[in-house]
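Trainee: This structure is in structure tokens; I'll ask about it shortly.
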Amino acid sequence: MALSRDQIARRIAQELKDGYYVNLGIGIPTLVANHIPHYIEVLFQSENGLLGMGPFPTETELDPDLINAGKQTVTAVQGACYFSSAESFAMIRGGHVDLTVLGAFEVDETGNIASWMIPGKLVKGMGGAMDLVASAENIIVAMAHANKAGESKILKRCTLPLTGVNCVKKVVTDLAALELINGRFHLLERAPGVSVEEIVRLTEAELVVEGQIPEMAL
Amino acid sequence: MAISNFTAGPRKGFHKIVSSYAEALEGFTSGMTVMIGGFGLCGIPEGLIRSVYEMDVNGLTCISNNAGVDGFGLGLWLEKRQIKTMIASYVGENALFEQLFISGEMEVILTPQGTLAEKIRAGGAGIPAFYTPTGYGTIVAEGKETREFNGRMYVLEPALKADFSLIRAYKADTMGNLIYRKTAMNFNPMMAAAGQITVAEVEEIVPAGTLDPEFIHTPGIYVDRVIQGKFEKRVEQRTISPG
């Protein structure tokens, strides 16, 4: 059965390591913060100038001067710090963030990602997404495997305007966990109850399937 | 991009405080390039924005990360059609902006947020252009020089400067040294440096010597005028945890 948004986030949270500095994009990636294993510590970087983003505030904690990159009110954890946008993107562009999680419309087998624009329909702007994918060594993409019409979003070549080129390695969809190795997507895990056959059918790019593909442990 | 030769006028030594919005915006005219601080509605110079809205100016080139919301922030300048060109990284919160952009009524130059921040920082720092990996291979790089360094491709981006920078800070001393509060800092420090004339709208003004020199966010050298404002501090997305 296809994963819910929360389950995709839970699977991605398994990639977190103790001591990681992490940037979470808007959408499904923000849910990753709800699934941090209790035995590790991570710190969330928010591109608008906060290191150490905490959960949403209570009514009394609410501070209009304290928001995240999605313009939501948040809190700051103990040991947090604030800095300018230039400093924030120096941190990001300089490769200091250990893991970036972001959503996408499409990814392709050359590692390209399209996540910010649908010509004529969605032209809100790219925000920090292009900077995040251009500099991050460790990116995980959270996305739907196919659209409602059954058209694959895991493509040979992206059709939508790109956010970045040659930058995607790991992808977690509602059906599968994939890794891009040497120009081909490898199927690592299946969502519980989802067959390899269904995943292959909904993947336009070539998919390498080696041996028994385990189910995700969620 | 033309930078006006307008000067700030006679100064009173290092006393930067002005007592009216008219004084704060003296010399602000149609056709100017203006930077406006803030991320979303957080850290925006609300009173300066409203004052420009009430002025008879238009044809502005605006540089700001976002475009306000309908009826507040830069949304006001938009409603009055005061903006000719917008340079921003995300205009999605403002339905009117998106509409004017798609219809072609207003020129919008969508710029990646990190590139925008660095263009402004460079503008204030005397760096005419810089290379960044951001946007290589995307429409952002179209028409721009690219170059390889150590096996990776980079895009050449020119710096940005403004005739006026309208910024928001938490506290200013009378010499224009500024400190910011939490995530209301965002683009304000870089814009302070990149504006020919920088006007800081602040919550509190203190005597010079009150702020600890070790903890000044923006040195007063970048700031020309300081005005005390009152702020609504509207919240765009009020996300609450039950606690």
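Naming works like this for the structure tokens: A, B, ... for the chains as they're shown, residue 1 at the start of each chain, ligands 1 onward in shown order.
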Up to 8 Å from chain A, what residues of chain B turn up? Count only C-alpha atoms and give them as a PyMOL selection string.
Mentor: chain B and resi 39-40+42-43+88-92+98+102+110-115+117-118+121+133-139+181-190+233-243
Trainee: As a PyMOL selection string, please: every residue in segment 98-228 of chain B that a backbone DSSP assignment puts in helix (DSSP H, G or I).
Mentor: chain B and resi 98-103+113-125+139-141+182-184+188-194+213-215+220-222
Trainee: Can you list, as an MDAnalysis selection string, every protein, DNA or RNA residue that comes within 12 Å of Asp98 of chain A when you count only C-alpha atoms, leaving out same-chain residues fewer than 6 positions away?
Mentor: chainID A and resid 15:24 42:45 91:92 132 135:140
Trainee: Please identify which residues in segment 29-225 of chain B DSSP calls strand (DSSP E or B) from the backbone, and express them as a ChimeraX atom specification.
Mentor: /B:33-36,39,42,60-63,69,72,83-88,107-110,129-132,146-149,152-158,162-173,178-179,195-206,218,225
Trainee: Using Å and a single decimal, report how far atom CA of Ile118 of chain A sits from atom CA of Val171 of chain A.
Mentor: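 Interatomic distance here is 20.7 Å.
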Trainee: Determine, counting only C-alpha atoms, which protein, DNA and RNA residues have an atom within 12 Å of an atom of Asp212 of chain B; residues of the same chain fewer than 2 positions away are not included. Present the result as a ChimeraX atom specification.
Mentor: /B:171-173,177-179,206-210,214-217,219
Trainee: Can you tell me, as a ChimeraX atom specification, what residues are no more than 7 Å from Ile227 of chain B when counting only C-alpha atoms, ignoring any on the same chain fewer than 2 positions away?
Mentor: /B:17-19,24,200-202,225,229
Trainee: State, in Å with one decimal place, the distance from atom CA of Phe28 of chain B to atom CA of Trp77 of chain B.
Mentor: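 For atom CA of Phe28 of chain B relative to atom CA of Trp77 of chain B, the distance reads 14.3 Å.
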Trainee: For segment 62-72 of chain B, list every protein, DNA or RNA residue within 6 Å, evaluated using only C-alpha atoms, and leave out those in the same chain fewer than 2 positions away; present the list as a ChimeraX atom specification.
Mentor: /B:33-36,40,60,74-76,86-91,93-94
Trainee: By how many Å are atom CA of Arg11 of chain A and atom CA of Thr173 of chain A apart?
Mentor: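 Atom CA of Thr173 of chain A lies 9.6 Å from atom CA of Arg11 of chain A.
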Trainee: Got a sec: who's within 10 Å of Gln7 of chain A, counting only C-alpha atoms, leaving out chain neighbours fewer than 3 positions off, as a compact mmCIF listing (two decimals) with all heavy atoms, in the first residue's frame?
Mentor:
# COMPACT_ATOMS: atom_id res chain seq x y z
N ALA A 2 0.56 2.21 -0.85
CA ALA A 2 1.38 3.42 -0.97
C ALA A 2 1.51 4.13 0.37
O ALA A 2 0.58 4.17 1.17
CB ALA A 2 0.75 4.36 -2.00
N LEU A 3 2.69 4.70 0.60
CA LEU A 3 2.94 5.39 1.87
C LEU A 3 2.20 6.71 1.94
O LEU A 3 1.98 7.37 0.93
CB LEU A 3 4.44 5.69 2.02
CG LEU A 3 5.41 4.53 2.03
CD1 LEU A 3 6.83 5.05 2.21
CD2 LEU A 3 5.09 3.54 3.14
N SER A 4 1.84 7.09 3.15
CA SER A 4 1.29 8.43 3.37
C SER A 4 2.46 9.41 3.41
O SER A 4 3.63 9.00 3.46
CB SER A 4 0.55 8.48 4.71
OG SER A 4 1.48 8.30 5.77
N ARG A 10 8.86 9.52 7.72
CA ARG A 10 9.41 8.58 8.71
C ARG A 10 10.56 7.77 8.11
O ARG A 10 11.59 7.55 8.73
CB ARG A 10 8.33 7.65 9.22
CG ARG A 10 8.80 6.71 10.33
CD ARG A 10 7.76 5.64 10.63
NE ARG A 10 6.56 6.22 11.20
CZ ARG A 10 6.33 6.33 12.50
NH1 ARG A 10 7.23 5.92 13.37
NH2 ARG A 10 5.22 6.86 12.94
N ARG A 11 10.39 7.33 6.87
CA ARG A 11 11.45 6.56 6.19
C ARG A 11 12.69 7.43 5.99
O ARG A 11 13.82 7.00 6.19
CB ARG A 11 10.93 6.03 4.86
CG ARG A 11 12.00 5.38 3.97
CD ARG A 11 12.66 4.20 4.66
NE ARG A 11 13.76 3.68 3.88
CZ ARG A 11 15.01 4.15 3.94
NH1 ARG A 11 15.29 5.18 4.74
NH2 ARG A 11 15.97 3.61 3.20
N ILE A 12 12.49 8.69 5.61
CA ILE A 12 13.62 9.60 5.39
C ILE A 12 14.34 9.88 6.71
O ILE A 12 15.57 9.96 6.74
CB ILE A 12 13.16 10.91 4.71
CG1 ILE A 12 12.70 10.62 3.29
CG2 ILE A 12 14.28 11.95 4.71
CD1 ILE A 12 12.08 11.80 2.57
N ALA A 13 13.57 9.96 7.79
CA ALA A 13 14.18 10.22 9.11
C ALA A 13 15.17 9.13 9.49
O ALA A 13 16.08 9.36 10.29
CB ALA A 13 13.09 10.37 10.17
N ILE A 28 6.37 17.81 2.45
CA ILE A 28 6.65 16.55 3.15
C ILE A 28 7.93 16.64 4.00
O ILE A 28 7.96 16.14 5.13
CB ILE A 28 6.76 15.37 2.16
CG1 ILE A 28 5.42 15.13 1.46
CG2 ILE A 28 7.24 14.11 2.87
CD1 ILE A 28 5.48 14.05 0.37
N LEU A 31 7.84 17.30 7.74
CA LEU A 31 7.33 16.24 8.62
C LEU A 31 8.46 15.36 9.17
O LEU A 31 8.27 14.65 10.16
CB LEU A 31 6.32 15.37 7.86
CG LEU A 31 5.12 16.11 7.26
CD1 LEU A 31 4.25 15.16 6.44
CD2 LEU A 31 4.29 16.76 8.37
N VAL A 32 9.63 15.40 8.52
CA VAL A 32 10.76 14.60 8.98
C VAL A 32 11.12 14.97 10.42
O VAL A 32 11.53 14.11 11.21
CB VAL A 32 11.99 14.79 8.05
CG1 VAL A 32 13.24 14.13 8.63
CG2 VAL A 32 11.70 14.23 6.66
N HIS A 35 9.89 12.83 13.33
CA HIS A 35 10.26 11.42 13.41
C HIS A 35 11.73 11.20 13.75
O HIS A 35 12.31 10.18 13.38
CB HIS A 35 9.94 10.72 12.08
CG HIS A 35 8.49 10.77 11.72
ND1 HIS A 35 7.56 9.96 12.33
CD2 HIS A 35 7.82 11.55 10.85
CE1 HIS A 35 6.36 10.23 11.82
NE2 HIS A 35 6.49 11.18 10.92
N THR A 173 9.90 7.73 -2.38
CA THR A 173 8.57 8.04 -2.88
C THR A 173 7.54 7.30 -2.03
O THR A 173 7.90 6.59 -1.09
CB THR A 173 8.40 7.61 -4.35
OG1 THR A 173 8.25 6.18 -4.40
CG2 THR A 173 9.58 8.04 -5.19
N ASP A 174 6.28 7.46 -2.41
CA ASP A 174 5.23 6.76 -1.68
C ASP A 174 5.25 5.25 -1.98
O ASP A 174 4.54 4.48 -1.34
CB ASP A 174 3.85 7.34 -2.01
CG ASP A 174 3.60 7.43 -3.51
OD1 ASP A 174 4.58 7.49 -4.28
OD2 ASP A 174 2.43 7.46 -3.92
N ALA A 191 7.76 0.03 -0.53
CA ALA A 191 6.82 0.35 0.54
C ALA A 191 6.11 -0.94 0.92
O ALA A 191 5.86 -1.79 0.05
CB ALA A 191 5.81 1.38 0.07
N LEU A 218 9.19 0.33 8.81
CA LEU A 218 8.66 1.62 9.31
C LEU A 218 8.07 1.51 10.70
O LEU A 218 7.55 0.46 11.08
CB LEU A 218 7.57 2.12 8.34
CG LEU A 218 8.08 2.63 7.01
CD1 LEU A 218 6.93 2.91 6.07
CD2 LEU A 218 8.91 3.90 7.21
